[in-house]
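S.K.: What follows is a structure written as structure tokens; I'll ask about it next.
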Amino acid sequence: MTRGVLVTGGAGFIGSALVRHLVERGDHVTVLDNLSPQVHGPGSGREDETACLRELVHLVEGDVRHRPDWDRAYDGQDVVVHLAAETGTGQSMYEVARYSEVNVTGTAHLLDLLANSEHQVSRVVVASSRAIYGEGRYVDADGAVHHPTGRSRAALEQGRFEPEGPDGRPLTATATDEDARTSPTSVYGVTKATQEQLVLVGCAALGIDATALRYQNVYGPGQSLTNPYTGILSIFTSLVRRGEHINVFEDGLESRDFVYIDDVVEATARAVHTDLPGQRVYNVGTGVPVSVLEVVESLGTLLGRAPAYDVTGTFRAGDIRHNWADTARLQADLGLVPGTGLRQGMEHLLAWATQFEPAPPTRYRDSLAELRDRKLMA
């Protein structure tokens, strides 16, 4: 069924890919986006995408922090897909007000509109994050489940990177399901947890269906090549191509769940068009953990050059050790099993990125210096 869909952040990496998909399905799409220079600036690889988007949909240039901008985009919508957010664990630890204003206040404006204005919105889909869990799900030698609340600075300084049980015993990471305790370790994670709860609680009270999609580490063609604060695969791609040095944090064995953009778009589109009622939460990932070292070495292999990197033992405030998704609920309810393997997805990313010659410079070193200056990296 054709629907009117408002996509906030619809000019971004995930948003623009989703918008194209929805338009191809016949939906009438409106985009609200502030076209942030950090994401869309020169060399990002996103300039042409934004220009094409203007021809495809109704694009409202505005900021979710400003209520009048919502008013300009809101009329006549059946579904709101709320993707607009500031992203990046490290930057969130010192840009606290900006992350809170965009992610929390921006979402509050949406709920205010739903509660206090005439509308036909019947469903809201909000982009949540694996960051709301903090550390993922662990078990000890006896099979007891643990959700570590974070690693102490003292342990990290001693090179004890793996989370430990309350008694100091070692733990083993396992896939994290949606019923796991949420215990974010970064400002970004706190704001995403708040954003998710605002939507689920607010929509439940108003009788509006709502879905929170807890995205894992999304990557693929179209991700900004110059933004050093988020998107480890796109950041490392630019650095390897430029022959620049990569600082691998901790021992390089920290792991993440890398999920390809097409799988994320399909999951989001199914959440838009599902008839399942009520408030629902889904992990969107592959269920496969991959270490940072594996990522660096795979990029070097695919690009045919040895990447320059050091495993430094340094660490950032707010980082977690392991987290990957249990996707059983996504499969059961929405019928989706993300099927793009990491190697195939990386090949697609590199085929797109290598169109941009020379490889664009990034502010990667500057971003590390910003953390060191604030004692958020050691």
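Chains: A, B, ... in order of the structure tokens. Residues: from 1 per chain. Ligands: from 1, in order shown.
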Skipping near chain neighbours, those fewer than 6 positions away, what residues fall within 8 Å of segment 184-194 of chain A using only C-alpha atoms, listed as a list in words?

M.R.: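 So the residues in contact are Glu86, Thr87, Gly88, Thr89, Gly90, Ser92, Met93, Val96, Tyr99, Ser100, Asn103, Val104, Ser128, Ser129, Ala131, Ile132, Tyr133, Gly134, Glu135, Thr149, Gly150, Ala317, Gly318, Asp319 and Ile320 of chain A.
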
S.K.: Please identify all polymer residues within 10 Å of Leu299 of chain A, counting only C-alpha atoms, omitting same-chain residues fewer than 5 positions from it, and present them as a list in words.

M.R.: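 Within the cut-off, the hits are Leu233, Phe236, Thr237, Val240, Arg241, Leu293, Glu294, Gly304, Arg305, Ala306, Pro307, Arg343, Met346, Glu347 and Leu350 of chain A.
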
S.K.: Skip Pro68 of chain A itself and residues of its chain fewer than 4 positions away, then list as a list in words all residues within 12 Å of it, counting only C-alpha atoms.

M.R.: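 Within the cut-off, the hits are Leu32, Val60, Glu61, Gly62, Asp63, Val64, Arg72, Ala73, Tyr74, Gly106, His109, Leu110 and Leu113 of chain A.
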
S.K.: Would you mind writing down, as an MDAnalysis selection string, each residue of segment 169-352 of chain A that DSSP on the backbone assigns to strand (DSSP E)?

M.R.: chainID A and resid 172:174 209:215 217:219 246:248 255:256 258:260 279:284 290:291 309:311

S.K.: Give me, as a PyMOL selection string, all polymer residues having an atom no more than 12 Å from Ala115 of chain A, counting only C-alpha atoms and skipping those fewer than 5 positions away in the same chain.

M.R.: chain A and resi 108-110+120-121+199+202-208

S.K.: Can those selected residues be exported to a file as a compact mmCIF listing (two decimals), in the first residue's frame so that it contains C-alpha atoms?

M.R.:
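Output saved as out.txt:
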```txt
# COMPACT_ATOMS: atom_id res chain seq x y z
CA ALA A 108 10.63 15.38 21.79
CA HIS A 109 9.42 17.81 19.12
CA LEU A 110 8.10 14.84 17.13
CA GLN A 120 -2.82 10.98 10.16
CA VAL A 121 0.40 9.35 11.37
CA VAL A 199 9.10 7.06 20.81
CA GLY A 202 4.90 8.31 23.69
CA CYS A 203 3.42 6.41 20.77
CA ALA A 204 1.96 3.73 23.04
CA ALA A 205 0.11 6.40 25.00
CA LEU A 206 -1.25 7.92 21.80
CA GLY A 207 -2.30 4.63 20.20
CA ILE A 208 0.32 4.88 17.43
```

S.K.: Closest to Leu371 of chain A among A:Leu330, A:Gly136, A:Val29, A:Phe315, using only C-alpha atoms?

M.R.: A:Phe315

S.K.: What does the distance between atom CA of Pro148 of chain A and atom CA of Thr176 of chain A come to in Å, to one decimal place?

M.R.: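 Between atom CA of Pro148 of chain A and atom CA of Thr176 of chain A the gap is 12.3 Å.
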
S.K.: Got a sec: who's within 8 Å of Tyr215 of chain A, counting only C-alpha atoms, leaving out chain neighbours fewer than 6 positions off, as an MDAnalysis selection string?

M.R.: chainID A and resid 127:130 264 283:285

S.K.: Excluding Asn227 of chain A and residues on its chain fewer than 6 positions from it, collect all residues at most 8 Å away from it, counting only C-alpha atoms, and give them as a list in words.

M.R.: Gln38, Val39, Ser44, Ile235, Thr362 and Arg363 of chain A

S.K.: At a cut-off of 6 Å, using only C-alpha atoms, what residues contact segment 322-325 of chain A? Leave out same-chain residues fewer than 5 positions from it and give the result as a PyMOL selection string.

M.R.: chain A and resi 136+175-176+254-257+285+287+289

S.K.: Keeping C-alpha atoms, export the residues of the selection given above as an mmCIF file, in the first residue's frame.

M.R.:
```cif
data_model
loop_
_atom_site.group_PDB
_atom_site.id
_atom_site.type_symbol
_atom_site.label_atom_id
_atom_site.label_comp_id
_atom_site.auth_asym_id
_atom_site.auth_seq_id
_atom_site.Cartn_x
_atom_site.Cartn_y
_atom_site.Cartn_z
ATOM 1 C CA GLY A 136 26.765 -7.012 24.994
ATOM 2 C CA ALA A 175 24.999 -12.684 20.838
ATOM 3 C CA THR A 176 22.840 -9.964 22.411
ATOM 4 C CA GLU A 254 37.456 -5.821 20.101
ATOM 5 C CA SER A 255 34.589 -6.946 17.898
ATOM 6 C CA ARG A 256 31.545 -5.474 16.213
ATOM 7 C CA ASP A 257 28.675 -6.642 14.008
ATOM 8 C CA GLY A 285 22.698 -6.912 12.280
ATOM 9 C CA GLY A 287 24.889 -11.941 14.132
ATOM 10 C CA PRO A 289 31.301 -10.665 15.273
#
```

S.K.: Using only C-alpha atoms, find the one residue out of A:Ile232, A:Leu156, A:Leu303, A:Leu349 that sits nearest to Val248 of chain A.

M.R.: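 Among the listed residues, A:Ile232 lies closest to Val248 of chain A.
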
S.K.: Work out how far atom CA of Val281 of chain A is from atom CA of Asp33 of chain A, in Å to one decimal.

M.R.: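 Computed distance, atom CA of Asp33 of chain A to atom CA of Val281 of chain A, equals 24.6 Å.
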
S.K.: I need the residue nearest Val272 of chain A from this list: A:Asp142, A:Glu118, A:Glu55, A:Asp209. Use only C-alpha atoms for the distance.

M.R.: A:Asp209
